Amino acid sequence: MEKYISNIHTPKISIAPMVDKSHRHFRYFCRIMNKEALLYTEMVTAQAILNGDLDKILYFREEEGPVALQIAASNAEDAYKALKLAEEFNYTEINLNCGCPSDRVSGNLMGAALMSDKNLVYEILSAMKEATNKPITIKHRIGIDGTGVIQPNQGNIIMDGYEDLLDFLDTVSKAKPDRYTVHARSAILKGLSPKDNREIPPIDYDMVYRLKKDFDYLNIEINGGFKTLDSIKDALTKVDGVMIGRASYEDCYLLANLNKLNDENIKPLSRGDIIKSYIPYVEEELEKGSNIHSLAAPIQSLFQGQPGSRKFKQLISSSNVKRETLVPILNNLLEVMPQDILWK
Ligand SMILES: Cc1cc2nc3c(=O)[nH]c(=O)nc-3n(C[C@H](O)[C@H](O)[C@H](O)COP(=O)(O)O)c2cc1C
């Protein structure tokens, strides 16, 4: 393993790249609750950057920062050119997606399928390093099952043990990535939907902890299934960071509570104050013509697990939310939701 010791800052937590979820309104909302977490963009393909409207695809507000841009690429040249174009946007880090099992992505030898070709991953990461001085990171799985899908002429490609993972990282580490986000579940590239592949096969945290123990100079962030302050606290005793995916939209107030990672006695912003901070942003964005449903989505789970959660979701449901009703609904939530929970 290449002994490269990165000096980049690794926040204790990050919010995962998630297509259709981690858009800029979601990130702004997350940032109200948590000032420290590194927030990822949705995955953006290098081709989209090369051929698309950059302001539309890459624009974000300074207040969202720090933000990491995640790209998906299948060759070094595209990755290099895409990063050159992204330079004008102020992303803190750039991440390569080697974890997505979706057919659309893996069929093009992107995402998790890339793990079947460690030399190609090395080439892409090296090109990314050459294109920018920003930290370059990788998000990958502990293994893949590519039976019958990737590089069919090479037979079945299955990486399902610690030795296979080390073999992959041995080559990849030569490109000196600044952080490895390891999703502690193998990717199944055929026969499971990406959704099912977030529950099957079982999670294997120990493999990630073992990796950090054996190569303590690697900057390792763990990902997969983290939903509570305590489980995150525990993981942080073993690795450098924890990436949170679904919990950030299924129970978003967790992000406010995660401020306690730094100081047990800290009082997180109340739900009421979070809504109050979000309203002026929503007003501004509505004026600019931003999508109302994307603006309403991040707030949906703010009362998760609390009395009134169902009523909250109903009031802010997509059938109620219209351009002219969104702000009045947000103001109304401050009146009608249980006051003790809103302001505690
Ligand atoms: C709706 C959704 C979209 C996702 N899109 C991406 C993506 O664009 N890039 C990526 O690397 N992973 C993507 N993932 C995977 C997450 O980043 C994360 O690895 C996975 O959800 C496991 O973490 P969790 O158990 O905390 O949710 C997505 C997950 C979800 C639920």
# chains A, B, ... in the order shown; residues from 1 in each chain; ligands from 1

$ residues_around --residues "Asp273 in chain A" --least-positions-apart "2" --cutoff "10 Å" --atoms "only C-alpha atoms" --output "PyMOL selection string"
chain A and resi 32-33+268-271+275-278+334+342-344

$ residues_around --residues "Ile299 in chain A" --least-positions-apart "3" --cutoff "12 Å" --atoms "only C-alpha atoms" --output "PyMOL selection string"
chain A and resi 21+25-30+32-33+248-253+271-272+274-279+282+293-296+302-304+309+312-313+315-318+326+329-330+333

$ residues_near_ligand --ligand "ligand 1" --cutoff "10 Å" --atoms "only C-alpha atoms and all ligand atoms" --output "number ranges by chain"
A: 15-22, 40-45, 70-72, 95-102, 105, 111-112, 138-141, 181-185, 194-195, 197-199, 203, 222-227, 242-250

$ closest_residue --among "A:Glu87, A:Thr237, A:Glu77, A:Arg24" --to "Arg61 in chain A" --atoms "only C-alpha atoms"
A:Arg24

$ residues_around --residues "range 51-54 of chain A" --least-positions-apart "4" --cutoff "12 Å" --atoms "only C-alpha atoms" --output "PDB file with N, CA and C atoms, in the first residue's frame"
ATOM      1  N   VAL A  44     -22.501  13.600 -10.580  1.00  0.00           N
ATOM      2  CA  VAL A  44     -22.608  14.266 -11.881  1.00  0.00           C
ATOM      3  C   VAL A  44     -21.655  13.530 -12.820  1.00  0.00           C
ATOM      4  N   THR A  45     -22.123  13.089 -13.962  1.00  0.00           N
ATOM      5  CA  THR A  45     -21.197  12.387 -14.847  1.00  0.00           C
ATOM      6  C   THR A  45     -20.261  13.398 -15.521  1.00  0.00           C
ATOM      7  N   ALA A  46     -19.060  12.935 -15.815  1.00  0.00           N
ATOM      8  CA  ALA A  46     -18.095  13.807 -16.506  1.00  0.00           C
ATOM      9  C   ALA A  46     -18.689  14.266 -17.836  1.00  0.00           C
ATOM     10  N   GLN A  47     -19.397  13.368 -18.490  1.00  0.00           N
ATOM     11  CA  GLN A  47     -20.013  13.710 -19.781  1.00  0.00           C
ATOM     12  C   GLN A  47     -21.014  14.842 -19.636  1.00  0.00           C
ATOM     13  N   LEU A  58     -23.516  22.865 -11.920  1.00  0.00           N
ATOM     14  CA  LEU A  58     -22.489  22.973 -10.876  1.00  0.00           C
ATOM     15  C   LEU A  58     -22.653  24.143  -9.912  1.00  0.00           C
ATOM     16  N   TYR A  59     -23.581  25.057 -10.214  1.00  0.00           N
ATOM     17  CA  TYR A  59     -23.726  26.230  -9.346  1.00  0.00           C
ATOM     18  C   TYR A  59     -24.129  25.824  -7.926  1.00  0.00           C
ATOM     19  N   PHE A  60     -23.516  26.437  -6.942  1.00  0.00           N
ATOM     20  CA  PHE A  60     -24.021  26.330  -5.571  1.00  0.00           C
ATOM     21  C   PHE A  60     -23.693  27.613  -4.831  1.00  0.00           C
ATOM     22  N   ASP A  78     -11.920  12.192 -19.890  1.00  0.00           N
ATOM     23  CA  ASP A  78     -13.163  12.890 -19.532  1.00  0.00           C
ATOM     24  C   ASP A  78     -13.068  13.484 -18.135  1.00  0.00           C
ATOM     25  N   LYS A  81     -10.847  16.621 -18.152  1.00  0.00           N
ATOM     26  CA  LYS A  81     -11.494  17.787 -18.772  1.00  0.00           C
ATOM     27  C   LYS A  81     -12.645  18.306 -17.897  1.00  0.00           C
ATOM     28  N   ALA A  82     -13.385  17.386 -17.314  1.00  0.00           N
ATOM     29  CA  ALA A  82     -14.523  17.802 -16.476  1.00  0.00           C
ATOM     30  C   ALA A  82     -14.026  18.597 -15.272  1.00  0.00           C
ATOM     31  N   LEU A  83     -12.933  18.144 -14.670  1.00  0.00           N
ATOM     32  CA  LEU A  83     -12.405  18.862 -13.500  1.00  0.00           C
ATOM     33  C   LEU A  83     -11.868  20.231 -13.879  1.00  0.00           C
ATOM     34  N   LYS A  84     -11.278  20.333 -15.050  1.00  0.00           N
ATOM     35  CA  LYS A  84     -10.804  21.648 -15.504  1.00  0.00           C
ATOM     36  C   LYS A  84     -11.986  22.617 -15.606  1.00  0.00           C
ATOM     37  N   LEU A  85     -13.111  22.122 -16.156  1.00  0.00           N
ATOM     38  CA  LEU A  85     -14.289  22.982 -16.284  1.00  0.00           C
ATOM     39  C   LEU A  85     -14.888  23.323 -14.914  1.00  0.00           C
ATOM     40  N   ALA A  86     -14.769  22.377 -13.979  1.00  0.00           N
ATOM     41  CA  ALA A  86     -15.371  22.597 -12.647  1.00  0.00           C
ATOM     42  C   ALA A  86     -14.521  23.533 -11.792  1.00  0.00           C
ATOM     43  N   GLU A  87     -13.300  23.819 -12.236  1.00  0.00           N
ATOM     44  CA  GLU A  87     -12.386  24.646 -11.433  1.00  0.00           C
ATOM     45  C   GLU A  87     -12.981  26.000 -11.060  1.00  0.00           C
ATOM     46  N   GLU A  88     -13.822  26.561 -11.940  1.00  0.00           N
ATOM     47  CA  GLU A  88     -14.343  27.904 -11.660  1.00  0.00           C
ATOM     48  C   GLU A  88     -15.384  27.895 -10.534  1.00  0.00           C
ATOM     49  N   PHE A  89     -15.822  26.694 -10.139  1.00  0.00           N
ATOM     50  CA  PHE A  89     -16.782  26.619  -9.028  1.00  0.00           C
ATOM     51  C   PHE A  89     -15.992  26.243  -7.771  1.00  0.00           C
TER      52      PHE A  89
END

$ closest_residue --among "A:Ala68, A:Lys174, A:Val321, A:Leu254" --to "Ala297 in chain A" --atoms "only C-alpha atoms"
A:Val321

$ select_by_dssp --residues "range 86-284 of chain A" --states "helix (DSSP H, G or I)" --output "JSON, numbers by chain"
{"A": [86, 103, 104, 105, 106, 111, 112, 113, 114, 115, 116, 118, 119, 120, 121, 122, 123, 124, 125, 126, 127, 128, 129, 130, 131, 152, 153, 154, 162, 163, 164, 165, 166, 167, 168, 169, 170, 171, 172, 173, 174, 175, 196, 197, 198, 205, 206, 207, 208, 209, 210, 211, 212, 213, 214, 229, 230, 231, 232, 233, 234, 235, 247, 248, 249, 250, 254, 255, 256, 257, 258, 259, 260, 261, 271, 272, 273, 274, 275, 276, 277, 278, 279, 280, 281, 282, 283, 284]}
